[in-house]
>>> print(open('work_30.txt').read())   # compact mmCIF, N, CA and C atoms
# COMPACT_ATOMS: atom_id res chain seq x y z
N MET A 1 -0.06 -22.34 46.25
CA MET A 1 0.61 -23.60 46.15
C MET A 1 0.10 -24.51 47.26
N SER A 2 -0.38 -25.67 46.88
CA SER A 2 -0.92 -26.57 47.88
C SER A 2 0.15 -27.54 48.36
N LYS A 3 0.08 -27.87 49.61
CA LYS A 3 1.04 -28.79 50.21
C LYS A 3 0.52 -30.21 50.02
N GLN A 4 1.40 -31.08 49.50
CA GLN A 4 0.98 -32.46 49.28
C GLN A 4 0.94 -33.20 50.60
N PRO A 5 -0.06 -34.08 50.77
CA PRO A 5 -0.14 -34.82 52.02
C PRO A 5 1.02 -35.81 52.13
N THR A 6 1.49 -36.00 53.36
CA THR A 6 2.59 -36.94 53.57
C THR A 6 2.04 -38.35 53.70
N MET A 7 2.85 -39.30 53.24
CA MET A 7 2.45 -40.70 53.31
C MET A 7 2.96 -41.31 54.60
N SER A 8 2.22 -42.24 55.11
CA SER A 8 2.68 -42.95 56.30
C SER A 8 3.78 -43.94 55.89
N LEU A 9 4.53 -44.39 56.87
CA LEU A 9 5.61 -45.34 56.60
C LEU A 9 5.06 -46.64 56.03
N THR A 10 3.91 -47.05 56.55
CA THR A 10 3.29 -48.30 56.06
C THR A 10 2.91 -48.15 54.59
N ALA A 11 2.37 -47.00 54.22
CA ALA A 11 1.98 -46.79 52.83
C ALA A 11 3.21 -46.78 51.91
N LYS A 12 4.29 -46.21 52.41
CA LYS A 12 5.51 -46.19 51.61
C LYS A 12 6.07 -47.59 51.41
N ILE A 13 6.02 -48.39 52.48
CA ILE A 13 6.51 -49.78 52.38
C ILE A 13 5.64 -50.56 51.41
N ASP A 14 4.33 -50.37 51.48
CA ASP A 14 3.43 -51.04 50.55
C ASP A 14 3.73 -50.64 49.11
N LEU A 15 4.03 -49.36 48.90
CA LEU A 15 4.35 -48.88 47.56
C LEU A 15 5.65 -49.52 47.05
N LEU A 16 6.63 -49.67 47.94
CA LEU A 16 7.88 -50.34 47.55
C LEU A 16 7.65 -51.80 47.20
N ARG A 17 6.76 -52.46 47.93
CA ARG A 17 6.44 -53.86 47.62
C ARG A 17 5.76 -53.97 46.26
N LYS A 18 4.85 -53.02 45.95
CA LYS A 18 4.17 -53.03 44.65
C LYS A 18 5.16 -52.82 43.51
N LYS A 19 6.25 -52.08 43.79
CA LYS A 19 7.26 -51.84 42.76
C LYS A 19 8.19 -53.03 42.58
N GLY A 20 8.02 -54.06 43.40
CA GLY A 20 8.79 -55.28 43.20
C GLY A 20 9.94 -55.49 44.16
N LEU A 21 10.10 -54.67 45.18
CA LEU A 21 11.17 -54.86 46.14
C LEU A 21 10.78 -55.94 47.14
N SER A 22 11.77 -56.77 47.49
CA SER A 22 11.50 -57.81 48.47
C SER A 22 11.59 -57.23 49.88
N ASP A 23 11.14 -58.01 50.87
CA ASP A 23 11.20 -57.54 52.25
C ASP A 23 12.64 -57.32 52.70
N ASP A 24 13.57 -58.17 52.22
CA ASP A 24 14.98 -58.00 52.58
C ASP A 24 15.53 -56.68 52.02
N GLU A 25 15.17 -56.34 50.80
CA GLU A 25 15.63 -55.09 50.20
C GLU A 25 15.06 -53.88 50.94
N ILE A 26 13.82 -53.99 51.32
CA ILE A 26 13.19 -52.90 52.08
C ILE A 26 13.86 -52.76 53.45
N ASP A 27 14.18 -53.89 54.09
CA ASP A 27 14.88 -53.84 55.38
C ASP A 27 16.25 -53.18 55.24
N GLN A 28 16.95 -53.48 54.14
CA GLN A 28 18.25 -52.87 53.91
C GLN A 28 18.12 -51.35 53.73
N LEU A 29 17.07 -50.94 53.02
CA LEU A 29 16.85 -49.51 52.84
C LEU A 29 16.58 -48.82 54.18
N LEU A 30 15.79 -49.46 55.00
CA LEU A 30 15.45 -48.87 56.29
C LEU A 30 16.62 -48.89 57.26
N ALA A 31 17.51 -49.87 57.12
CA ALA A 31 18.64 -49.99 58.04
C ALA A 31 19.87 -49.20 57.58
N SER A 32 19.82 -48.61 56.40
CA SER A 32 21.00 -47.92 55.91
C SER A 32 21.29 -46.70 56.77
N PRO A 33 22.59 -46.47 57.08
CA PRO A 33 22.95 -45.34 57.95
C PRO A 33 22.69 -43.98 57.31
N ALA A 34 22.65 -43.94 55.99
CA ALA A 34 22.44 -42.66 55.32
C ALA A 34 21.04 -42.11 55.60
N SER A 35 20.09 -42.96 55.84
CA SER A 35 18.74 -42.48 56.06
C SER A 35 18.55 -41.93 57.47
N SER A 36 19.38 -42.36 58.42
CA SER A 36 19.19 -41.91 59.79
C SER A 36 20.16 -40.82 60.22
N GLU A 37 21.26 -40.61 59.49
CA GLU A 37 22.24 -39.61 59.87
C GLU A 37 21.90 -38.26 59.25
N PRO A 38 22.01 -37.19 60.02
CA PRO A 38 21.79 -35.87 59.44
C PRO A 38 22.94 -35.49 58.51
N VAL A 39 22.63 -34.73 57.50
CA VAL A 39 23.63 -34.29 56.54
C VAL A 39 24.31 -33.04 57.09
N LYS A 40 25.64 -33.06 57.09
CA LYS A 40 26.38 -31.91 57.59
C LYS A 40 26.35 -30.79 56.55
N ALA A 41 26.26 -29.58 57.03
CA ALA A 41 26.33 -28.43 56.13
C ALA A 41 27.77 -28.24 55.67
N SER A 42 27.93 -27.79 54.44
CA SER A 42 29.29 -27.59 53.93
C SER A 42 29.89 -26.35 54.58
N PRO A 43 31.20 -26.39 54.87
CA PRO A 43 31.84 -25.24 55.49
C PRO A 43 31.94 -24.07 54.50
N PHE A 44 31.97 -22.87 55.04
CA PHE A 44 31.98 -21.70 54.18
C PHE A 44 33.34 -21.02 54.08
N ASN A 45 34.28 -21.38 54.92
CA ASN A 45 35.58 -20.77 54.80
C ASN A 45 36.68 -21.80 55.03
N MET A 46 37.89 -21.40 54.68
CA MET A 46 39.03 -22.31 54.73
C MET A 46 39.32 -22.79 56.15
N ALA A 47 39.10 -21.95 57.14
CA ALA A 47 39.38 -22.34 58.52
C ALA A 47 38.51 -23.51 58.95
N GLU A 48 37.26 -23.54 58.51
CA GLU A 48 36.39 -24.65 58.87
C GLU A 48 36.78 -25.92 58.13
N ILE A 49 37.27 -25.77 56.91
CA ILE A 49 37.69 -26.94 56.14
C ILE A 49 38.93 -27.56 56.76
N VAL A 50 39.93 -26.74 57.07
CA VAL A 50 41.20 -27.24 57.57
C VAL A 50 41.09 -27.62 59.04
N ASN A 51 40.54 -26.72 59.84
CA ASN A 51 40.37 -26.93 61.27
C ASN A 51 41.64 -27.46 61.90
N ASN A 52 42.70 -26.65 61.83
CA ASN A 52 43.99 -27.10 62.37
C ASN A 52 44.14 -26.78 63.85
N GLY A 53 43.10 -26.32 64.49
CA GLY A 53 43.14 -26.10 65.92
C GLY A 53 43.76 -24.79 66.36
N SER A 54 44.08 -23.90 65.43
CA SER A 54 44.68 -22.64 65.81
C SER A 54 43.61 -21.64 66.22
N SER A 55 44.02 -20.66 66.99
CA SER A 55 43.09 -19.62 67.42
C SER A 55 42.78 -18.70 66.24
N ILE A 56 41.74 -17.92 66.40
CA ILE A 56 41.35 -16.99 65.34
C ILE A 56 42.45 -15.96 65.11
N GLU A 57 43.08 -15.49 66.19
CA GLU A 57 44.14 -14.50 66.06
C GLU A 57 45.34 -15.07 65.30
N GLU A 58 45.74 -16.30 65.64
CA GLU A 58 46.86 -16.94 64.94
C GLU A 58 46.53 -17.18 63.48
N TRP A 59 45.30 -17.62 63.23
CA TRP A 59 44.87 -17.86 61.84
C TRP A 59 44.95 -16.57 61.05
N ASN A 60 44.38 -15.48 61.58
CA ASN A 60 44.39 -14.20 60.88
C ASN A 60 45.80 -13.67 60.69
N LYS A 61 46.68 -13.88 61.68
CA LYS A 61 48.07 -13.45 61.55
C LYS A 61 48.75 -14.20 60.40
N GLN A 62 48.53 -15.51 60.33
CA GLN A 62 49.13 -16.31 59.26
C GLN A 62 48.59 -15.90 57.89
N VAL A 63 47.31 -15.60 57.83
CA VAL A 63 46.71 -15.16 56.56
C VAL A 63 47.35 -13.84 56.13
N ASP A 64 47.50 -12.89 57.07
CA ASP A 64 48.11 -11.60 56.75
C ASP A 64 49.56 -11.76 56.30
N GLU A 65 50.31 -12.61 57.00
CA GLU A 65 51.71 -12.83 56.62
C GLU A 65 51.81 -13.49 55.24
N THR A 66 50.93 -14.43 54.96
CA THR A 66 50.94 -15.10 53.66
C THR A 66 50.58 -14.12 52.55
N GLU A 67 49.62 -13.25 52.81
CA GLU A 67 49.24 -12.24 51.82
C GLU A 67 50.40 -11.29 51.56
N LYS A 68 51.10 -10.85 52.63
CA LYS A 68 52.23 -9.95 52.47
C LYS A 68 53.36 -10.63 51.68
N LEU A 69 53.63 -11.90 51.98
CA LEU A 69 54.64 -12.65 51.25
C LEU A 69 54.28 -12.74 49.77
N TYR A 70 53.02 -13.03 49.48
CA TYR A 70 52.56 -13.13 48.09
C TYR A 70 52.72 -11.80 47.37
N ILE A 71 52.28 -10.72 48.01
CA ILE A 71 52.36 -9.40 47.37
C ILE A 71 53.81 -9.02 47.10
N ASN A 72 54.70 -9.22 48.08
CA ASN A 72 56.11 -8.87 47.89
C ASN A 72 56.76 -9.72 46.80
N THR A 73 56.51 -11.00 46.83
CA THR A 73 57.10 -11.90 45.83
C THR A 73 56.66 -11.52 44.43
N GLU A 74 55.36 -11.36 44.26
CA GLU A 74 54.85 -11.06 42.91
C GLU A 74 55.22 -9.65 42.47
N ALA A 75 55.31 -8.70 43.40
CA ALA A 75 55.70 -7.34 43.03
C ALA A 75 57.14 -7.32 42.49
N PHE A 76 58.04 -8.03 43.16
CA PHE A 76 59.42 -8.07 42.67
C PHE A 76 59.51 -8.83 41.35
N SER A 77 58.74 -9.88 41.19
CA SER A 77 58.75 -10.61 39.92
C SER A 77 58.27 -9.72 38.78
N VAL A 78 57.18 -9.00 39.01
CA VAL A 78 56.65 -8.10 37.98
C VAL A 78 57.64 -6.97 37.70
N LEU A 79 58.31 -6.47 38.74
CA LEU A 79 59.31 -5.42 38.56
C LEU A 79 60.42 -5.89 37.62
N PHE A 80 60.96 -7.08 37.88
CA PHE A 80 62.06 -7.57 37.04
C PHE A 80 61.59 -7.89 35.62
N ILE A 81 60.39 -8.40 35.49
CA ILE A 81 59.86 -8.65 34.14
C ILE A 81 59.63 -7.33 33.42
N GLY A 82 59.15 -6.33 34.14
CA GLY A 82 58.97 -5.00 33.54
C GLY A 82 60.28 -4.39 33.11
N ILE A 83 61.31 -4.54 33.94
CA ILE A 83 62.64 -4.05 33.56
C ILE A 83 63.12 -4.74 32.29
N SER A 84 62.87 -6.04 32.20
CA SER A 84 63.24 -6.78 31.00
C SER A 84 62.53 -6.24 29.77
N MET A 85 61.26 -5.93 29.93
CA MET A 85 60.50 -5.39 28.79
C MET A 85 61.00 -4.00 28.38
N VAL A 86 61.31 -3.17 29.38
CA VAL A 86 61.83 -1.82 29.07
C VAL A 86 63.18 -1.93 28.36
N ILE A 87 64.05 -2.80 28.85
CA ILE A 87 65.35 -3.00 28.20
C ILE A 87 65.15 -3.50 26.77
N GLY A 88 64.21 -4.43 26.59
CA GLY A 88 63.94 -4.93 25.25
C GLY A 88 63.43 -3.86 24.31
N ILE A 89 62.54 -3.01 24.79
CA ILE A 89 62.00 -1.93 23.95
C ILE A 89 63.10 -0.92 23.61
N LEU A 90 63.87 -0.53 24.64
CA LEU A 90 64.95 0.43 24.39
C LEU A 90 66.01 -0.16 23.47
N GLY A 91 66.26 -1.45 23.57
CA GLY A 91 67.24 -2.10 22.70
C GLY A 91 66.78 -2.14 21.26
N THR A 92 65.50 -2.40 21.04
CA THR A 92 65.00 -2.44 19.66
C THR A 92 64.91 -1.04 19.06
N LYS A 93 64.78 -0.01 19.89
CA LYS A 93 64.77 1.38 19.40
C LYS A 93 66.18 1.89 19.10
N GLY A 94 67.21 1.15 19.54
CA GLY A 94 68.58 1.51 19.23
C GLY A 94 69.32 2.22 20.34
N TYR A 95 68.73 2.31 21.52
CA TYR A 95 69.41 2.97 22.63
C TYR A 95 70.52 2.12 23.23
N PHE A 96 70.41 0.81 23.11
CA PHE A 96 71.42 -0.12 23.62
C PHE A 96 71.91 -1.00 22.49
N ASP A 97 73.12 -1.50 22.67
CA ASP A 97 73.67 -2.50 21.75
C ASP A 97 72.85 -3.79 21.95
N MET A 98 72.75 -4.61 20.93
CA MET A 98 71.93 -5.83 21.02
C MET A 98 72.46 -6.81 22.07
N LYS A 99 73.79 -6.89 22.24
CA LYS A 99 74.35 -7.77 23.26
C LYS A 99 73.94 -7.29 24.66
N VAL A 100 73.98 -5.99 24.87
CA VAL A 100 73.58 -5.43 26.16
C VAL A 100 72.09 -5.67 26.39
N THR A 101 71.30 -5.52 25.36
CA THR A 101 69.85 -5.73 25.46
C THR A 101 69.53 -7.17 25.85
N ILE A 102 70.11 -8.11 25.13
CA ILE A 102 69.84 -9.52 25.41
C ILE A 102 70.35 -9.90 26.80
N THR A 103 71.54 -9.44 27.16
CA THR A 103 72.09 -9.74 28.48
C THR A 103 71.21 -9.15 29.58
N GLY A 104 70.79 -7.91 29.41
CA GLY A 104 69.94 -7.27 30.40
C GLY A 104 68.60 -7.97 30.55
N MET A 105 68.02 -8.38 29.42
CA MET A 105 66.73 -9.09 29.48
C MET A 105 66.89 -10.44 30.16
N ILE A 106 67.94 -11.16 29.84
CA ILE A 106 68.16 -12.47 30.45
C ILE A 106 68.40 -12.32 31.95
N LEU A 107 69.21 -11.34 32.34
CA LEU A 107 69.47 -11.11 33.77
C LEU A 107 68.18 -10.74 34.52
N SER A 108 67.35 -9.93 33.91
CA SER A 108 66.08 -9.57 34.55
C SER A 108 65.20 -10.79 34.77
N TRP A 109 65.12 -11.65 33.77
CA TRP A 109 64.32 -12.87 33.91
C TRP A 109 64.92 -13.81 34.95
N VAL A 110 66.25 -13.86 35.00
CA VAL A 110 66.92 -14.70 36.01
C VAL A 110 66.62 -14.17 37.41
N PHE A 111 66.65 -12.85 37.59
CA PHE A 111 66.31 -12.27 38.90
C PHE A 111 64.86 -12.57 39.27
N ALA A 112 63.95 -12.50 38.29
CA ALA A 112 62.54 -12.82 38.55
C ALA A 112 62.41 -14.29 38.97
N ALA A 113 63.17 -15.17 38.34
CA ALA A 113 63.15 -16.58 38.72
C ALA A 113 63.72 -16.79 40.11
N PHE A 114 64.81 -16.07 40.43
CA PHE A 114 65.39 -16.18 41.77
C PHE A 114 64.41 -15.73 42.85
N VAL A 115 63.65 -14.70 42.58
CA VAL A 115 62.64 -14.25 43.55
C VAL A 115 61.66 -15.39 43.83
N GLN A 116 61.21 -16.05 42.78
CA GLN A 116 60.27 -17.16 42.96
C GLN A 116 60.93 -18.34 43.68
N ILE A 117 62.17 -18.64 43.31
CA ILE A 117 62.88 -19.77 43.91
C ILE A 117 63.14 -19.54 45.40
N PHE A 118 63.56 -18.34 45.76
CA PHE A 118 63.88 -18.07 47.16
C PHE A 118 62.64 -17.89 48.03
N SER A 119 61.51 -17.56 47.43
CA SER A 119 60.29 -17.44 48.23
C SER A 119 59.56 -18.79 48.37
N ALA A 120 59.93 -19.77 47.56
CA ALA A 120 59.25 -21.07 47.61
C ALA A 120 59.33 -21.74 48.98
N PRO A 121 60.48 -21.75 49.68
CA PRO A 121 60.50 -22.37 51.01
C PRO A 121 59.60 -21.66 52.01
N LYS A 122 59.49 -20.34 51.89
CA LYS A 122 58.60 -19.60 52.78
C LYS A 122 57.14 -19.97 52.50
N TYR A 123 56.80 -20.10 51.20
CA TYR A 123 55.45 -20.53 50.84
C TYR A 123 55.17 -21.93 51.39
N ARG A 124 56.17 -22.78 51.34
CA ARG A 124 56.01 -24.15 51.84
C ARG A 124 55.66 -24.15 53.32
N GLU A 125 56.32 -23.31 54.10
CA GLU A 125 56.02 -23.22 55.52
C GLU A 125 54.61 -22.70 55.77
N LYS A 126 54.19 -21.74 54.96
CA LYS A 126 52.83 -21.20 55.11
C LYS A 126 51.80 -22.26 54.75
N ILE A 127 52.08 -23.03 53.71
CA ILE A 127 51.14 -24.07 53.30
C ILE A 127 51.02 -25.12 54.39
N LYS A 128 52.13 -25.44 55.04
CA LYS A 128 52.09 -26.43 56.12
C LYS A 128 51.15 -25.97 57.24
N PHE A 129 51.14 -24.69 57.55
CA PHE A 129 50.25 -24.19 58.60
C PHE A 129 48.79 -24.39 58.18
N PHE A 130 48.48 -24.07 56.91
CA PHE A 130 47.09 -24.12 56.48
C PHE A 130 46.59 -25.52 56.20
N VAL A 131 47.49 -26.44 55.88
CA VAL A 131 47.05 -27.78 55.46
C VAL A 131 47.34 -28.86 56.47
N LYS A 132 48.50 -28.81 57.10
CA LYS A 132 48.92 -29.89 57.99
C LYS A 132 48.06 -29.93 59.24
N LYS A 133 47.58 -31.10 59.58
CA LYS A 133 46.81 -31.27 60.80
C LYS A 133 47.76 -31.30 61.97
N ARG A 134 47.41 -30.61 63.04
CA ARG A 134 48.29 -30.54 64.21
C ARG A 134 47.80 -31.44 65.29
>>> encode(input="work_30.txt", output="structure tokens")
Amino acid sequence: MSKQPTMSLTAKIDLLRKKGLSDDEIDQLLASPASSEPVKASPFNMAEIVNNGSSIEEWNKQVDETEKLYINTEAFSVLFIGISMVIGILGTKGYFDMKVTITGMILSWVFAAFVQIFSAPKYREKIKFFVKKR
């Protein structure tokens, strides 16, 4: 693979003039800040994006606590939904009266909703740490 020769600035300006650009337009291109500023590399992790000024230890602690909160919340939600499904299956097989089946299923779904509702304020506090600038 051969390397193409680079053009001098004068040659590039001459080429722009041949393409019909005026001297004022060429001056604007040369004076634009985008041509002189280096492009920043994109960050690779959430800490670089947020940059809330916390130490690495505090950041990792908050990540671990948020993960634990998520796992506990979703585990209890899945548990109550699973209980609802088991009650529904047993009710359709005839092990429970239909009123008991429907009541049990509704209560299980209500408990799953309560788990989500009561964990929402805790999630809000965690989100504030990760998003709010300090």
>>> residues_around(input="work_30.txt", residues="Gln116 in chain A", least_positions_apart="2", cutoff="12 Å", atoms="only C-alpha atoms", output="mmCIF file with N, CA and C atoms, in the frame of the given file")
data_model
loop_
_atom_site.group_PDB
_atom_site.id
_atom_site.type_symbol
_atom_site.label_atom_id
_atom_site.label_comp_id
_atom_site.auth_asym_id
_atom_site.auth_seq_id
_atom_site.Cartn_x
_atom_site.Cartn_y
_atom_site.Cartn_z
ATOM 1 N N LEU A 69 53.630 -11.900 51.980
ATOM 2 C CA LEU A 69 54.640 -12.650 51.250
ATOM 3 C C LEU A 69 54.280 -12.740 49.770
ATOM 4 N N TYR A 70 53.020 -13.030 49.480
ATOM 5 C CA TYR A 70 52.560 -13.130 48.090
ATOM 6 C C TYR A 70 52.720 -11.800 47.370
ATOM 7 N N ILE A 71 52.280 -10.720 48.010
ATOM 8 C CA ILE A 71 52.360 -9.400 47.370
ATOM 9 C C ILE A 71 53.810 -9.020 47.100
ATOM 10 N N ASN A 72 54.700 -9.220 48.080
ATOM 11 C CA ASN A 72 56.110 -8.870 47.890
ATOM 12 C C ASN A 72 56.760 -9.720 46.800
ATOM 13 N N THR A 73 56.510 -11.000 46.830
ATOM 14 C CA THR A 73 57.100 -11.900 45.830
ATOM 15 C C THR A 73 56.660 -11.520 44.430
ATOM 16 N N GLU A 74 55.360 -11.360 44.260
ATOM 17 C CA GLU A 74 54.850 -11.060 42.910
ATOM 18 C C GLU A 74 55.220 -9.650 42.470
ATOM 19 N N ALA A 75 55.310 -8.700 43.400
ATOM 20 C CA ALA A 75 55.700 -7.340 43.030
ATOM 21 C C ALA A 75 57.140 -7.320 42.490
ATOM 22 N N PHE A 76 58.040 -8.030 43.160
ATOM 23 C CA PHE A 76 59.420 -8.070 42.670
ATOM 24 C C PHE A 76 59.510 -8.830 41.350
ATOM 25 N N SER A 77 58.740 -9.880 41.190
ATOM 26 C CA SER A 77 58.750 -10.610 39.920
ATOM 27 C C SER A 77 58.270 -9.720 38.780
ATOM 28 N N VAL A 78 57.180 -9.000 39.010
ATOM 29 C CA VAL A 78 56.650 -8.100 37.980
ATOM 30 C C VAL A 78 57.640 -6.970 37.700
ATOM 31 N N PHE A 80 60.960 -7.080 37.880
ATOM 32 C CA PHE A 80 62.060 -7.570 37.040
ATOM 33 C C PHE A 80 61.590 -7.890 35.620
ATOM 34 N N TRP A 109 65.120 -11.650 33.770
ATOM 35 C CA TRP A 109 64.320 -12.870 33.910
ATOM 36 C C TRP A 109 64.920 -13.810 34.950
ATOM 37 N N VAL A 110 66.250 -13.860 35.000
ATOM 38 C CA VAL A 110 66.920 -14.700 36.010
ATOM 39 C C VAL A 110 66.620 -14.170 37.410
ATOM 40 N N PHE A 111 66.650 -12.850 37.590
ATOM 41 C CA PHE A 111 66.310 -12.270 38.900
ATOM 42 C C PHE A 111 64.860 -12.570 39.270
ATOM 43 N N ALA A 112 63.950 -12.500 38.290
ATOM 44 C CA ALA A 112 62.540 -12.820 38.550
ATOM 45 C C ALA A 112 62.410 -14.290 38.970
ATOM 46 N N ALA A 113 63.170 -15.170 38.340
ATOM 47 C CA ALA A 113 63.150 -16.580 38.720
ATOM 48 C C ALA A 113 63.720 -16.790 40.110
ATOM 49 N N PHE A 114 64.810 -16.070 40.430
ATOM 50 C CA PHE A 114 65.390 -16.180 41.770
ATOM 51 C C PHE A 114 64.410 -15.730 42.850
ATOM 52 N N PHE A 118 63.560 -18.340 45.760
ATOM 53 C CA PHE A 118 63.880 -18.070 47.160
ATOM 54 C C PHE A 118 62.640 -17.890 48.030
ATOM 55 N N SER A 119 61.510 -17.560 47.430
ATOM 56 C CA SER A 119 60.290 -17.440 48.230
ATOM 57 C C SER A 119 59.560 -18.790 48.370
ATOM 58 N N ALA A 120 59.930 -19.770 47.560
ATOM 59 C CA ALA A 120 59.250 -21.070 47.610
ATOM 60 C C ALA A 120 59.330 -21.740 48.980
ATOM 61 N N PRO A 121 60.480 -21.750 49.680
ATOM 62 C CA PRO A 121 60.500 -22.370 51.010
ATOM 63 C C PRO A 121 59.600 -21.660 52.010
ATOM 64 N N LYS A 122 59.490 -20.340 51.890
ATOM 65 C CA LYS A 122 58.600 -19.600 52.780
ATOM 66 C C LYS A 122 57.140 -19.970 52.500
ATOM 67 N N TYR A 123 56.800 -20.100 51.200
ATOM 68 C CA TYR A 123 55.450 -20.530 50.840
ATOM 69 C C TYR A 123 55.170 -21.930 51.390
#
>>> closest_residue(input="work_30.txt", among="A:Phe129, A:Thr101, A:Gln28, A:Ile13", to="Ile89 in chain A", atoms="all atoms listed in the file")
A:Thr101
>>> residues_around(input="work_30.txt", residues="Val86 in chain A", least_positions_apart="4", cutoff="12 Å", atoms="only C-alpha atoms", output="ChimeraX atom specification")
/A:79-82,90-93,95-96,101-102,104-105,108
>>> atom_distance(input="work_30.txt", atom1="CA of Thr6 in chain A", atom2="CA of Asp24 in chain A")
24.5 Å
>>> atom_distance(input="work_30.txt", atom1="atom N of Thr66 in chain A", atom2="CA of Phe130 in chain A")
10.5 Å
